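One file, entry26.tsv, is given below (TSV, C-alpha atoms).
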```tsv
chain	number	residue	atom	x	y	z
P	1	MET	CA	-10.74	-109.85	-113.36
P	2	THR	CA	-10.70	-112.65	-115.92
P	3	LEU	CA	-13.46	-114.76	-117.43
P	4	VAL	CA	-12.40	-118.12	-118.86
P	5	ILE	CA	-14.72	-119.63	-121.46
P	6	LEU	CA	-14.24	-123.34	-122.15
P	7	ALA	CA	-14.90	-123.94	-125.86
P	8	ALA	CA	-12.70	-126.90	-126.80
P	9	GLY	CA	-15.23	-129.72	-126.29
P	10	LEU	CA	-16.02	-132.05	-129.15
P	11	GLY	CA	-19.79	-131.51	-128.94
P	12	SER	CA	-20.24	-135.01	-130.35
P	13	ARG	CA	-23.97	-135.13	-129.51
P	14	TYR	CA	-24.44	-131.85	-131.38
P	15	GLY	CA	-22.53	-132.66	-134.55
P	16	GLY	CA	-18.87	-132.39	-133.57
P	17	GLY	CA	-16.09	-129.88	-134.15
P	18	SER	CA	-16.75	-126.32	-132.97
P	19	LYS	CA	-20.32	-126.34	-134.36
P	20	LYS	CA	-22.06	-126.23	-130.98
P	21	GLN	CA	-19.92	-123.39	-129.60
P	22	LEU	CA	-20.31	-121.25	-132.75
P	23	ASP	CA	-23.92	-121.96	-133.70
P	24	ILE	CA	-26.04	-118.80	-134.06
P	25	ILE	CA	-28.87	-118.26	-131.56
P	26	GLY	CA	-29.35	-114.45	-131.64
P	27	GLU	CA	-31.24	-112.34	-134.17
P	28	ASN	CA	-28.06	-110.62	-135.40
P	29	GLY	CA	-25.66	-113.54	-135.57
P	30	GLU	CA	-24.92	-113.83	-131.84
P	31	ILE	CA	-23.65	-117.13	-130.43
P	32	ILE	CA	-24.12	-118.17	-126.80
P	33	LEU	CA	-20.68	-117.09	-125.65
P	34	ASP	CA	-21.39	-113.57	-126.98
P	35	TYR	CA	-23.96	-113.23	-124.20
P	36	SER	CA	-21.51	-114.46	-121.56
P	37	VAL	CA	-18.91	-111.92	-122.71
P	38	TYR	CA	-21.56	-109.17	-122.82
P	39	ASP	CA	-22.74	-110.00	-119.29
P	40	SER	CA	-19.16	-110.19	-118.01
P	41	ILE	CA	-18.33	-106.75	-119.41
P	42	ARG	CA	-21.30	-105.11	-117.72
P	43	ALA	CA	-20.35	-106.92	-114.49
P	44	SER	CA	-16.89	-105.24	-114.82
P	45	PHE	CA	-14.68	-108.17	-115.90
P	46	ASP	CA	-11.81	-106.78	-117.97
P	47	LYS	CA	-10.33	-109.87	-119.68
P	48	VAL	CA	-11.68	-112.97	-121.37
P	49	VAL	CA	-9.67	-116.12	-122.12
P	50	LEU	CA	-11.12	-118.35	-124.83
P	51	LEU	CA	-9.96	-121.95	-124.40
P	52	ILE	CA	-10.24	-123.69	-127.77
P	53	LYS	CA	-8.60	-126.23	-130.02
P	54	GLU	CA	-5.73	-124.57	-131.85
P	55	GLU	CA	-7.11	-125.64	-135.23
P	56	HIS	CA	-10.28	-123.63	-134.54
P	57	VAL	CA	-8.60	-120.28	-133.85
P	58	LYS	CA	-9.48	-118.78	-137.24
P	59	ALA	CA	-13.17	-119.63	-136.84
P	60	PHE	CA	-13.30	-118.18	-133.33
P	61	ARG	CA	-11.56	-114.99	-134.41
P	62	GLU	CA	-14.01	-114.51	-137.27
P	63	LYS	CA	-17.22	-115.52	-135.50
P	64	ALA	CA	-16.52	-114.51	-131.91
P	65	SER	CA	-13.57	-112.42	-130.69
P	66	SER	CA	-13.55	-109.93	-133.59
P	67	LYS	CA	-16.94	-108.68	-132.37
P	68	PHE	CA	-15.85	-107.71	-128.86
P	69	GLU	CA	-12.05	-107.41	-128.81
P	70	ASP	CA	-12.37	-103.61	-128.79
P	71	LYS	CA	-14.46	-103.79	-125.60
P	72	ILE	CA	-12.52	-106.29	-123.46
P	73	LYS	CA	-9.02	-107.77	-123.53
P	74	VAL	CA	-9.10	-111.14	-125.32
P	75	GLU	CA	-6.56	-113.95	-125.09
P	76	PHE	CA	-6.66	-117.45	-126.56
P	77	ALA	CA	-5.49	-120.59	-124.80
P	78	PHE	CA	-5.29	-123.99	-126.41
P	79	GLN	CA	-6.07	-127.42	-125.04
P	80	LYS	CA	-3.40	-129.77	-126.32
P	81	ASP	CA	-3.22	-133.49	-125.67
P	82	ASP	CA	0.43	-133.38	-124.56
P	83	MET	CA	0.12	-130.62	-121.95
P	84	PHE	CA	0.77	-131.50	-118.28
P	85	ASN	CA	0.73	-135.27	-118.90
P	86	GLU	CA	4.46	-136.06	-118.78
P	87	GLY	CA	4.97	-139.81	-118.48
P	88	TYR	CA	1.39	-140.62	-119.44
P	89	PRO	CA	1.08	-140.29	-123.23
P	90	MET	CA	-2.42	-140.13	-124.65
P	91	PRO	CA	-3.33	-143.45	-126.29
P	92	ALA	CA	-3.40	-143.27	-130.08
P	93	GLU	CA	-6.96	-144.63	-130.15
P	94	ARG	CA	-8.31	-141.96	-127.78
P	95	THR	CA	-10.54	-139.45	-129.61
P	96	LYS	CA	-11.60	-137.12	-126.76
P	97	PRO	CA	-9.47	-134.47	-125.01
P	98	TRP	CA	-8.53	-135.11	-121.37
P	99	GLY	CA	-11.60	-133.32	-119.96
P	100	THR	CA	-12.82	-129.98	-118.64
P	101	ALA	CA	-10.40	-129.76	-115.69
P	102	HIS	CA	-7.45	-130.35	-118.03
P	103	ALA	CA	-8.89	-127.69	-120.37
P	104	LEU	CA	-8.94	-125.20	-117.49
P	105	LEU	CA	-5.38	-126.17	-116.51
P	106	CYS	CA	-4.28	-125.28	-120.05
P	107	CYS	CA	-5.38	-121.68	-119.30
P	108	ARG	CA	-2.87	-121.22	-116.50
P	109	GLU	CA	-0.45	-118.99	-118.40
P	110	ALA	CA	-3.19	-116.90	-120.01
P	111	VAL	CA	-4.95	-116.25	-116.69
P	112	GLY	CA	-1.75	-115.39	-114.84
P	113	GLY	CA	-2.25	-114.08	-111.31
P	114	ASP	CA	-5.87	-112.97	-111.69
P	115	ASN	CA	-8.84	-114.16	-109.74
P	116	PHE	CA	-11.05	-115.70	-112.39
P	117	ALA	CA	-14.42	-117.19	-113.25
P	118	VAL	CA	-14.91	-120.11	-115.62
P	119	VAL	CA	-17.96	-120.95	-117.74
P	120	ASN	CA	-18.90	-123.24	-120.62
P	121	ALA	CA	-19.21	-121.75	-124.12
P	122	ASP	CA	-22.51	-123.53	-124.78
P	123	ASP	CA	-24.37	-122.48	-121.61
P	124	PHE	CA	-26.39	-119.26	-121.20
P	125	TYR	CA	-26.15	-118.23	-117.54
P	126	GLY	CA	-27.81	-114.82	-117.27
P	127	LYS	CA	-26.77	-111.36	-116.08
P	128	THR	CA	-27.08	-111.95	-112.33
P	129	ALA	CA	-24.68	-114.90	-112.35
P	130	PHE	CA	-21.84	-112.72	-113.63
P	131	GLU	CA	-22.62	-109.98	-111.12
P	132	LEU	CA	-22.46	-112.51	-108.27
P	133	ALA	CA	-19.21	-113.92	-109.62
P	134	PHE	CA	-17.53	-110.51	-109.92
P	135	LYS	CA	-18.62	-109.48	-106.42
P	136	HIS	CA	-17.22	-112.68	-104.93
P	137	LEU	CA	-13.94	-112.53	-106.82
P	138	SER	CA	-13.41	-108.87	-105.94
P	139	ALA	CA	-12.96	-109.82	-102.29
P	140	ALA	CA	-11.69	-113.41	-102.61
P	141	GLU	CA	-8.36	-114.45	-101.14
P	142	ASN	CA	-6.49	-117.67	-101.93
P	143	GLY	CA	-8.67	-120.72	-101.37
P	144	ASP	CA	-11.90	-118.73	-101.26
P	145	TYR	CA	-13.81	-120.28	-104.15
P	146	ALA	CA	-17.44	-120.11	-105.26
P	147	MET	CA	-19.94	-121.73	-107.61
P	148	ILE	CA	-23.07	-120.35	-109.19
P	149	GLY	CA	-25.54	-123.16	-108.57
P	150	TYR	CA	-28.64	-124.12	-110.53
P	151	LEU	CA	-31.53	-126.43	-109.71
P	152	ILE	CA	-31.50	-129.70	-111.64
P	153	LYS	CA	-35.13	-129.22	-112.72
P	154	ASN	CA	-34.08	-126.11	-114.65
P	155	THR	CA	-31.09	-127.67	-116.41
P	156	VAL	CA	-32.32	-130.92	-117.94
P	157	THR	CA	-33.73	-131.49	-121.39
P	158	GLU	CA	-36.36	-133.89	-122.64
P	159	GLU	CA	-34.20	-134.45	-125.73
P	160	GLY	CA	-31.85	-136.90	-124.00
P	161	GLY	CA	-29.49	-137.52	-121.10
P	162	VAL	CA	-27.11	-134.82	-119.79
P	163	SER	CA	-24.12	-134.69	-117.46
P	164	ARG	CA	-24.16	-132.49	-114.36
P	165	GLY	CA	-22.11	-132.10	-111.20
P	166	VAL	CA	-24.59	-133.09	-108.48
P	167	CYS	CA	-23.79	-131.07	-105.35
P	168	SER	CA	-24.25	-131.42	-101.61
P	169	VAL	CA	-24.65	-128.02	-99.95
P	170	GLU	CA	-24.71	-127.12	-96.25
P	171	ASN	CA	-25.21	-123.60	-94.90
P	172	GLY	CA	-24.43	-122.09	-98.30
P	173	TYR	CA	-21.19	-124.02	-98.85
P	174	MET	CA	-20.45	-127.06	-100.98
P	175	THR	CA	-19.53	-130.23	-99.13
P	176	GLY	CA	-19.50	-132.60	-102.08
P	177	ILE	CA	-19.83	-132.81	-105.86
P	178	VAL	CA	-20.19	-135.87	-108.08
P	179	GLU	CA	-20.04	-135.77	-111.89
P	180	THR	CA	-23.19	-137.65	-112.89
P	181	HIS	CA	-23.97	-138.80	-116.42
P	182	GLU	CA	-27.11	-139.50	-118.43
P	183	ILE	CA	-29.43	-137.55	-116.15
P	184	THR	CA	-32.80	-137.93	-117.81
P	185	LYS	CA	-36.11	-136.12	-117.47
P	186	ASN	CA	-39.52	-137.55	-118.18
P	187	GLU	CA	-43.03	-136.50	-117.18
P	188	SER	CA	-42.86	-137.87	-113.65
P	189	ARG	CA	-39.24	-137.66	-112.51
P	190	ILE	CA	-35.56	-136.86	-113.04
P	191	TYR	CA	-33.22	-139.82	-112.73
P	192	TYR	CA	-29.86	-141.31	-113.71
P	193	PRO	CA	-28.64	-144.89	-114.17
P	194	ALA	CA	-26.76	-146.65	-111.36
P	195	PRO	CA	-25.56	-150.26	-110.96
P	196	GLU	CA	-28.46	-150.99	-108.60
P	197	GLY	CA	-31.01	-149.37	-110.93
P	198	ASN	CA	-32.20	-145.89	-111.86
P	199	LYS	CA	-31.84	-143.35	-109.04
P	200	THR	CA	-34.25	-140.43	-108.71
P	201	LEU	CA	-33.04	-136.88	-108.09
P	202	ASP	CA	-35.06	-134.30	-106.19
P	203	PRO	CA	-36.00	-131.56	-108.70
P	204	ASP	CA	-34.51	-128.95	-106.34
P	205	THR	CA	-31.10	-130.63	-106.18
P	206	VAL	CA	-28.31	-128.09	-106.72
P	207	VAL	CA	-26.05	-128.89	-109.66
P	208	SER	CA	-22.96	-127.39	-111.22
P	209	MET	CA	-23.10	-125.96	-114.72
P	210	ASN	CA	-19.34	-125.31	-114.59
P	211	PHE	CA	-19.74	-121.69	-113.48
P	212	PHE	CA	-17.00	-121.47	-110.86
P	213	CYS	CA	-15.03	-118.66	-109.25
P	214	PHE	CA	-11.40	-119.39	-108.36
P	215	THR	CA	-8.30	-117.70	-107.04
P	216	PRO	CA	-5.08	-118.51	-108.94
P	217	ASP	CA	-3.89	-121.07	-106.38
P	218	PHE	CA	-6.55	-123.41	-107.84
P	219	PHE	CA	-4.18	-124.10	-110.74
P	220	ASP	CA	-1.92	-125.94	-108.26
P	221	VAL	CA	-4.92	-128.04	-107.23
P	222	LEU	CA	-5.67	-128.73	-110.90
P	223	GLU	CA	-2.12	-129.76	-111.76
P	224	LYS	CA	-1.67	-132.09	-108.79
P	225	GLY	CA	-5.12	-133.52	-109.39
P	226	PHE	CA	-4.32	-134.25	-113.03
P	227	LYS	CA	-1.17	-136.16	-112.08
P	228	ASP	CA	-3.17	-138.17	-109.53
P	229	PHE	CA	-5.89	-138.78	-112.12
P	230	LEU	CA	-3.42	-140.10	-114.70
P	231	GLU	CA	-1.75	-142.38	-112.16
P	232	GLU	CA	-5.08	-143.77	-110.93
P	233	ASN	CA	-6.26	-144.45	-114.49
P	234	LYS	CA	-2.95	-145.45	-116.10
P	235	SER	CA	-4.19	-148.95	-116.89
P	236	ASP	CA	-6.88	-147.53	-119.17
P	237	LEU	CA	-6.48	-143.97	-120.44
P	238	LYS	CA	-8.63	-144.46	-123.53
P	239	LYS	CA	-11.86	-142.90	-122.28
P	240	CYS	CA	-11.55	-141.56	-118.72
P	241	GLU	CA	-12.03	-137.79	-118.33
P	242	TYR	CA	-10.65	-135.31	-115.81
P	243	TYR	CA	-13.79	-133.33	-114.94
P	244	ILE	CA	-13.72	-130.08	-112.93
P	245	ALA	CA	-15.78	-131.82	-110.24
P	246	LEU	CA	-12.72	-133.93	-109.30
P	247	PRO	CA	-10.30	-131.13	-108.31
P	248	VAL	CA	-13.19	-129.15	-106.79
P	249	GLN	CA	-13.94	-132.07	-104.47
P	250	ALA	CA	-10.22	-132.40	-103.69
P	251	ALA	CA	-10.07	-128.70	-102.84
P	252	VAL	CA	-13.09	-128.95	-100.52
P	253	ASN	CA	-11.58	-132.04	-98.86
P	254	SER	CA	-8.36	-130.11	-98.22
P	255	GLY	CA	-10.16	-127.28	-96.44
P	256	LYS	CA	-10.75	-124.78	-99.24
P	257	THR	CA	-14.16	-123.11	-99.12
P	258	MET	CA	-16.67	-123.28	-101.98
P	259	ARG	CA	-19.49	-120.81	-101.48
P	260	VAL	CA	-22.63	-121.66	-103.45
P	261	TYR	CA	-24.67	-118.79	-104.87
P	262	SER	CA	-28.10	-119.08	-106.42
P	263	THR	CA	-29.42	-116.90	-109.21
P	264	PRO	CA	-32.99	-116.11	-110.28
P	265	ASP	CA	-31.95	-116.01	-113.94
P	266	LYS	CA	-33.02	-118.87	-116.18
P	267	TRP	CA	-30.33	-121.10	-117.62
P	268	TYR	CA	-30.38	-122.14	-121.28
P	269	GLY	CA	-28.05	-124.54	-123.02
P	270	VAL	CA	-27.53	-126.83	-125.97
P	271	THR	CA	-26.54	-130.46	-125.65
P	272	TYR	CA	-28.46	-131.69	-128.68
P	273	GLN	CA	-29.36	-129.81	-131.85
P	274	ARG	CA	-33.00	-130.30	-130.86
P	275	ASP	CA	-32.33	-127.98	-127.88
P	276	LYS	CA	-31.49	-125.05	-130.14
P	277	PRO	CA	-35.04	-123.75	-130.85
P	278	SER	CA	-35.82	-123.40	-127.13
P	279	VAL	CA	-32.58	-121.45	-126.57
P	280	ILE	CA	-33.38	-119.14	-129.50
P	281	GLU	CA	-36.87	-118.49	-128.11
P	282	GLY	CA	-35.51	-117.96	-124.59
P	283	VAL	CA	-32.97	-115.39	-125.71
P	284	LYS	CA	-35.59	-113.68	-127.87
P	285	TYR	CA	-37.86	-113.42	-124.83
P	286	LEU	CA	-35.12	-111.92	-122.65
P	287	THR	CA	-34.37	-109.45	-125.44
P	288	SER	CA	-38.05	-108.47	-125.64
P	289	LEU	CA	-37.92	-107.66	-121.90
P	290	GLY	CA	-35.09	-105.23	-122.56
P	291	LEU	CA	-32.47	-107.33	-120.72
P	292	TYR	CA	-30.33	-107.50	-123.86
P	293	PRO	CA	-30.19	-105.26	-126.92
P	294	LYS	CA	-31.33	-106.78	-130.21
P	295	LYS	CA	-27.80	-106.35	-131.50
P	296	LEU	CA	-25.18	-107.05	-128.84
P	297	TRP	CA	-22.15	-105.58	-130.57
```

Kindly return the structure encoded in the file as structure tokens.
Amino acid sequence: MTLVILAAGLGSRYGGGSKKQLDIIGENGEIILDYSVYDSIRASFDKVVLLIKEEHVKAFREKASSKFEDKIKVEFAFQKDDMFNEGYPMPAERTKPWGTAHALLCCREAVGGDNFAVVNADDFYGKTAFELAFKHLSAAENGDYAMIGYLIKNTVTEEGGVSRGVCSVENGYMTGIVETHEITKNESRIYYPAPEGNKTLDPDTVVSMNFFCFTPDFFDVLEKGFKDFLEENKSDLKKCEYYIALPVQAAVNSGKTMRVYSTPDKWYGVTYQRDKPSVIEGVKYLTSLGLYPKKLW
């Protein structure tokens, strides 16, 4: 079973480059993705694919994979601007990669025929999430997907707006997902901007933190979806992004099932550098409870 970790984002609100994905949050030099790999190993995953920018491979080998490559099979995949976009060249003035769904598509060869889970490098998901993912994937057949869902009230920061996939869930299955930007928390409510004015979200709304479980046929969904995305946005490819929410919604619309699991574990993540102290304290607390060793590797 394979775990894909998406670590090619620009992290522009955190300082750019690979700084956010490689910033230290543990007492012995651990970064957030160390904890995801650690949790995946004890959940019985046997391979991890690190999706990064090719120019960052040396940094990830030194600060990440060298610590655990003797405990789990490690492969690198690279998000490149010219992959899967034949006929739709990236505009010279575009500074961002094509988006998270394109990043996952770039992992197709590395994943091969495995059932797989995908997570973000800068999100701390907790032990139970990986156990739920492995259990689902162990029995999943083609088109039997899943998401580990979190409540919006537990995934927003008072440091600024965040992006989340806002989900509609019925009888434990996803019926819809919308990538929603600049979700903001203040003392009285959680809201996001809309053309007709700010819209309030119920604190118990289920959102995606990009922890999905897929069978390998999802790569076909991703590839077709990317071609459709490029065609629909061909008049302006400077800023649009192919988010995972788009092919997930397409898959649900076509009859694929997306089971939604909940986890009691607390999520931690960094969008802004000001988020880092709370993540450090959270991980320190979990370590004090004995859920993680003081030194992971």

Applying 9 Å and all atoms listed in the file, which residues near segment 63-79 of chain P remain after dropping the ones on its own chain fewer than 2 positions away? List them as a PyMOL selection string. chain P and resi 8+22+29-31+33-34+37-38+41+45-54+57-61+81-83+97-98+102-111+297

Interface rows for segment 64-169 of chain P against segment 234-242 of chain P: nearest pair, Å to one decimal, 6 Å, all atoms listed in the file, as JSON lines:
```
{"residue": "P:Arg94", "atom": "CA", "partner": "P:Lys238", "partner_atom": "CA", "distance": 4.9}
{"residue": "P:Trp98", "atom": "CA", "partner": "P:Glu241", "partner_atom": "CA", "distance": 5.4}
{"residue": "P:Gly99", "atom": "CA", "partner": "P:Tyr242", "partner_atom": "CA", "distance": 4.7}
{"residue": "P:Ala101", "atom": "CA", "partner": "P:Tyr242", "partner_atom": "CA", "distance": 5.6}
```

Please provide as a list of chain:residue names all residues within 12 Å of Ser278 of chain P, with the sequence filter that same-chain residues fewer than 3 positions apart are discarded (counting only C-alpha atoms).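 Once the nearby chain positions are removed, what remains is P:Ile25, P:Gly26, P:Phe124, P:Thr157, P:Glu158, P:Glu159, P:Trp267, P:Tyr268, P:Gly269, P:Val270, P:Thr271, P:Tyr272, P:Gln273, P:Arg274, P:Asp275, P:Glu281, P:Gly282, P:Val283, P:Lys284, P:Tyr285.
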
Go through P:Pro216, P:Pro193, P:Pro203, P:Gly149 and flag the residue nearest Met1 of chain P, using all atoms listed in the file for the distances.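 The closest residue to Met1 of chain P is P:Pro216.
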
Neighbours of point (-19.1, -119.7, -116.7) within 12 Å, using only C-alpha atoms, written as a PyMOL selection string: chain P and resi 2-7+32-33+35-37+39-40+48-50+104+116-134+146-149+208-214+267+269

Residue list as a ChimeraX atom specification for point (-24.3, -139.1, -113.1), cut-off 7 Å, all atoms listed in the file: /P:163-164,179-183,192

Mind giving me the straight-line distance from atom CA of Asn198 of chain P to atom CA of Thr175 of chain P in Å, one decimal?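 Between these atoms lies a distance of 23.8 Å.
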
Measure the distance from atom CA of Thr95 of chain P to atom CA of Thr184 of chain P in Å and round it to one decimal.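 A separation of 25.2 Å between them.
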
Atom CA of Pro247 of chain P to atom CA of Glu223 of chain P, straight-line distance in Å: 9.0 Å

Using only C-alpha atoms, the best pick from P:Cys167, P:Phe219, P:Ile177, P:Ile152 as closest to Arg189 of chain P would be P:Ile152

So which one's closest to Asn115 of chain P, P:Asp217, P:Glu93, P:Phe84, P:Gly172? Using all atoms listed in the file, please.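 For Asn115 of chain P, the nearest of the candidates is P:Asp217.
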
Residue nearest Leu291 of chain P among P:Ala92, P:Val260, P:Asp265, P:His136 (counting all atoms listed in the file):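 Between P:Ala92, P:Val260, P:Asp265, P:His136, the residue approaching Leu291 of chain P most closely is P:Asp265.
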
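Compared by their closest atoms to Asp23 of chain P, and using all atoms listed in the file, the residues P:Ala194, P:Leu151, P:Ile280, P:Val252 rank with P:Ile280 nearest.
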
Using all atoms listed in the file, which of P:Lys256, P:Lys135, P:Lys224, P:Lys20 sits nearest Ala43 of chain P? P:Lys135
